[in-house]
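To start, the structure itself, in structure tokens.
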Amino acid sequence: MSQKTVWITGASSGIGEALALQYAKDHARLVLSARREDELQRVARRCHEAGLAEDDVLVLPLDVTDWAALPGKVQAVLEQFGHIDLLVNNAGLSQRSLCKDTDMAVYQKLMDVDVMGQIALTKAVLPHMLERGVGHLAVTSSVAGKVGVPMRTGYCAAKHAVMGFFDALRAEVEGQGISVSTITPGFIRTDISRNALVGDGSAYGREDEDIAGGMNVDECAQVVFKGLRAKKREIPVGKGKEMAALWLKRIAPEALFRMTKARA
């Protein structure tokens with residue numbers, strides 16, 4: 001990946017941070033984006049410690065819901081590095097609340113961050129890639145983008161939406177030199193449940209048992225890194241029973257529906 005430019009959103013923690021370190025070790029030029037600049041600077045320092053020069057890491061704070069600002073962010077990357085080879089849309093929020101207890105404002109925020117923000121940044125980057133005739137677009141979806149589970153109605157809706165959008169986008173642009181990958185993690189040991197929204201929009205604030213027993217985030221990043229390097233169209237990653245749900249949805253959906261009902 002030497003001299004390749006990799007832009008990762010949600011890079012201040014979790015899968016985004018771990019993936020940034022994978023690319024740092026592979027000598028890619030990195031653009032690190034999220035809302036928290038102090039955390040991005042911390043990740044940048046880790047990337048420098050992994051061997052990247054100061055000029056090879058651009059800390060670029062952004063809010064994916066600020067659509068008007070995104071073309072300017074793209075221009076800043078191009079001014080620094082000249083081109084964008086891979087965009088990993090990894091920013092996102094989860095949810096932990098029943099539908100009947102969830103404010104519409106929470107659903108709106110989940111859609112704005114997890115769906116519309118990913119689409120808006122992708123649309124801002126896509127013309128540059130089409131002009132060059134080469135590029136790679138990726139999005140972090142979830143097993144919840146294939147399977148509906150209780151307490152996550154908005155999150156599942158959002159992740160199903162990005163799976164549909166990026167699968168359709170692939171059909172449009174793959175013949176023009178653009179690869180599109182959807183990443184479908186299961187339970188990964190990150191702060192995703194702590195930061196998840198409850199019905200009134202506040203943070204859930206604790207770790208799920210499933211998350212605590214999930215795959216190590218660095219192991220996850222290694223799988224994703226290898227999948228992106230191979231330009232796989234879909235990259236499932238996880239180690240728990242939830243990964244079997246991807247197959248059950250295809251071959252025995254009624255059995256899966258009974259299992260998810262039992263979880264409620």
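If you're wondering about the labels, chains in the structure tokens are A, B, ... by order shown, residues count from 1 in each chain, ligands from 1 in order shown.
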Surrounding residues of Asp200 in chain A excluding itself and chain neighbours under 2 positions, 12 Å, only C-alpha atoms, as JSON, numbers by chain: {"A": [95, 96, 97, 98, 99, 100, 101, 102, 103, 104, 105, 106, 107, 109, 196, 197, 198, 202, 203, 204]}
File of the preceding selection, N, CA and C atoms, as an mmCIF file, in the first residue's frame:
data_model
loop_
_atom_site.group_PDB
_atom_site.id
_atom_site.type_symbol
_atom_site.label_atom_id
_atom_site.label_comp_id
_atom_site.auth_asym_id
_atom_site.auth_seq_id
_atom_site.Cartn_x
_atom_site.Cartn_y
_atom_site.Cartn_z
ATOM 1 N N GLN A 95 -27.796 1.133 18.805
ATOM 2 C CA GLN A 95 -29.018 1.413 19.549
ATOM 3 C C GLN A 95 -29.283 0.278 20.523
ATOM 4 N N ARG A 96 -29.875 0.612 21.675
ATOM 5 C CA ARG A 96 -30.313 -0.390 22.637
ATOM 6 C C ARG A 96 -31.644 0.064 23.253
ATOM 7 N N SER A 97 -32.738 -0.114 22.525
ATOM 8 C CA SER A 97 -34.055 0.264 23.044
ATOM 9 C C SER A 97 -35.137 -0.406 22.213
ATOM 10 N N LEU A 98 -36.266 -0.693 22.877
ATOM 11 C CA LEU A 98 -37.423 -1.239 22.165
ATOM 12 C C LEU A 98 -38.054 -0.169 21.277
ATOM 13 N N CYS A 99 -38.670 -0.601 20.203
ATOM 14 C CA CYS A 99 -39.316 0.343 19.287
ATOM 15 C C CYS A 99 -40.321 1.229 20.017
ATOM 16 N N LYS A 100 -41.135 0.640 20.890
ATOM 17 C CA LYS A 100 -42.194 1.403 21.559
ATOM 18 C C LYS A 100 -41.638 2.481 22.484
ATOM 19 N N ASP A 101 -40.366 2.342 22.870
ATOM 20 C CA ASP A 101 -39.747 3.296 23.798
ATOM 21 C C ASP A 101 -38.804 4.278 23.108
ATOM 22 N N THR A 102 -38.706 4.216 21.798
ATOM 23 C CA THR A 102 -37.687 4.979 21.072
ATOM 24 C C THR A 102 -38.283 6.222 20.417
ATOM 25 N N ASP A 103 -37.731 7.383 20.751
ATOM 26 C CA ASP A 103 -38.156 8.637 20.132
ATOM 27 C C ASP A 103 -37.817 8.639 18.645
ATOM 28 N N MET A 104 -38.630 9.285 17.858
ATOM 29 C CA MET A 104 -38.345 9.401 16.430
ATOM 30 C C MET A 104 -37.029 10.138 16.181
ATOM 31 N N ALA A 105 -36.669 11.043 17.081
ATOM 32 C CA ALA A 105 -35.407 11.760 16.918
ATOM 33 C C ALA A 105 -34.218 10.802 16.976
ATOM 34 N N VAL A 106 -34.330 9.722 17.745
ATOM 35 C CA VAL A 106 -33.261 8.716 17.804
ATOM 36 C C VAL A 106 -33.162 7.984 16.470
ATOM 37 N N TYR A 107 -34.297 7.586 15.923
ATOM 38 C CA TYR A 107 -34.286 6.944 14.601
ATOM 39 C C TYR A 107 -33.689 7.883 13.547
ATOM 40 N N LYS A 109 -31.478 10.246 14.004
ATOM 41 C CA LYS A 109 -30.029 10.351 14.188
ATOM 42 C C LYS A 109 -29.308 9.120 13.676
ATOM 43 N N ALA A 196 -23.984 3.300 22.351
ATOM 44 C CA ALA A 196 -25.284 3.132 21.695
ATOM 45 C C ALA A 196 -26.330 4.060 22.317
ATOM 46 N N LEU A 197 -27.322 4.413 21.516
ATOM 47 C CA LEU A 197 -28.398 5.297 21.975
ATOM 48 C C LEU A 197 -29.551 4.481 22.547
ATOM 49 N N VAL A 198 -30.102 4.956 23.662
ATOM 50 C CA VAL A 198 -31.332 4.377 24.186
ATOM 51 C C VAL A 198 -32.505 5.220 23.694
ATOM 52 N N SER A 202 -30.049 9.258 24.980
ATOM 53 C CA SER A 202 -28.857 9.226 25.834
ATOM 54 C C SER A 202 -28.053 7.958 25.565
ATOM 55 N N ALA A 203 -26.842 7.903 26.113
ATOM 56 C CA ALA A 203 -25.954 6.763 25.868
ATOM 57 C C ALA A 203 -26.329 5.577 26.748
ATOM 58 N N TYR A 204 -26.235 4.392 26.185
ATOM 59 C CA TYR A 204 -26.509 3.147 26.909
ATOM 60 C C TYR A 204 -25.537 2.989 28.076
#
Give me the range 140-200 of chain A side of the contact with range 250-263 of chain A, cut-off 10 Å, one line per residue showing its nearest atom pair and distance in Å at one decimal, counting only C-alpha atoms, sorted by chain and residue number, as a tab-separated table.
residue	atom	partner	partner_atom	distance
A:Lys146	CA	A:Arg250	CA	9.7
A:Val147	CA	A:Leu256	CA	8.5
A:Gly148	CA	A:Thr260	CA	7.5
A:Val149	CA	A:Thr260	CA	5.7
A:Pro150	CA	A:Arg263	CA	7.0
A:Met151	CA	A:Arg263	CA	9.7
Pull C-alpha atoms from the residues just selected and write them as a short mmCIF file (atom, residue, chain, number, x, y, z; two decimals), in the first residue's frame.
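Listing of selection_17.cif after writing:
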data_model
loop_
_atom_site.label_atom_id
_atom_site.label_comp_id
_atom_site.auth_asym_id
_atom_site.auth_seq_id
_atom_site.Cartn_x
_atom_site.Cartn_y
_atom_site.Cartn_z
CA LYS A 146 -28.66 -8.95 7.33
CA VAL A 147 -30.57 -10.04 10.44
CA GLY A 148 -33.19 -8.20 12.51
CA VAL A 149 -32.71 -8.46 16.28
CA PRO A 150 -34.58 -6.96 19.26
CA MET A 151 -33.52 -3.67 20.86
#
DSSP-assigned strand (DSSP E) members of range 10-141 of chain A, reported as an NGL selection string: :A and (29-33 or 57-59 or 86-89 or 135-140)
Contact residues around range 74-76 of chain A with only C-alpha atoms at 10 Å, ignoring same-chain residues under 4 positions, as a VMD selection string: chain A and resid 7 58 60 69 to 70 80 to 84 121 124 to 125 128
Nearest residue to Phe187 in chain A from the set A:Gly205, A:Gly213, A:Gly14, A:Gly199 (distances using only C-alpha atoms): A:Gly213
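Counting only C-alpha atoms and comparing A:Val31, A:Ile119, A:Ile235, A:Cys220, the residue that lies closest to Thr190 in chain A is A:Cys220.
Within the 8 Å cut-off around Leu169 in chain A, using only C-alpha atoms and omitting residues fewer than 4 positions from it on the same chain, the listed residues are Phe165, Val173 and Val180 of chain A.
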Please write the residues from the selection above to a file, keeping N, CA, C and O atoms, as a tab-separated table (two decimals), in the first residue's frame.
chain	number	residue	atom	x	y	z
A	165	PHE	N	-27.56	-0.02	-0.36
A	165	PHE	CA	-26.99	1.08	-1.15
A	165	PHE	C	-25.67	0.67	-1.78
A	165	PHE	O	-25.45	0.88	-2.99
A	173	VAL	N	-20.79	0.82	-10.64
A	173	VAL	CA	-19.44	1.35	-10.87
A	173	VAL	C	-18.35	0.31	-11.02
A	173	VAL	O	-17.22	0.65	-11.39
A	180	VAL	N	-16.18	-2.08	-4.61
A	180	VAL	CA	-17.04	-1.73	-3.48
A	180	VAL	C	-17.12	-2.93	-2.55
A	180	VAL	O	-17.45	-4.05	-2.98
Residue among A:Ala157, A:Cys47, A:Leu228, A:Leu110 lying closest to Gly201 in chain A, counting only C-alpha atoms: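 Once distances to Gly201 in chain A are computed over only C-alpha atoms, the minimum belongs to A:Leu110.
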Residue list (helix (DSSP H, G or I), DSSP) for range 46-259 of chain A, as number ranges by chain: A: 46-49, 54-56, 67-81, 99-101, 104-132, 143-145, 153-176, 209-212, 217-229, 241-251, 253-259
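Minimum atom-to-atom distances from A:Ile188, A:Leu137, A:Leu52, A:Ala20 to Lys239 in chain A were compared using only C-alpha atoms, and the lowest value belongs to A:Ile188.
Using only C-alpha atoms, the nearest neighbour of Lys73 in chain A within the list A:Val43, A:Ala50, A:Leu32, A:Leu93 is A:Leu32.
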Spatial neighbours of Leu30 in chain A, 6 Å, only C-alpha atoms, chain gap at least 4 places, as an NGL selection string: :A and (5-7 or 57)
Put those residues in a file: N, CA and C atoms, as a compact mmCIF listing (two decimals), in the first residue's frame.
# COMPACT_ATOMS: atom_id res chain seq x y z
N THR A 5 -3.39 6.11 -0.74
CA THR A 5 -4.06 6.94 0.25
C THR A 5 -5.32 6.26 0.74
N VAL A 6 -5.37 6.01 2.04
CA VAL A 6 -6.50 5.33 2.67
C VAL A 6 -7.17 6.31 3.64
N TRP A 7 -8.45 6.54 3.45
CA TRP A 7 -9.23 7.47 4.29
C TRP A 7 -10.19 6.64 5.12
N VAL A 57 0.36 11.11 7.53
CA VAL A 57 -0.89 11.00 8.28
C VAL A 57 -1.56 12.37 8.32
Surrounding residues of Ala161 in chain A excluding itself and chain neighbours under 6 positions, 9 Å, only C-alpha atoms, as a PyMOL selection string: chain A and resi 111+114-115+145
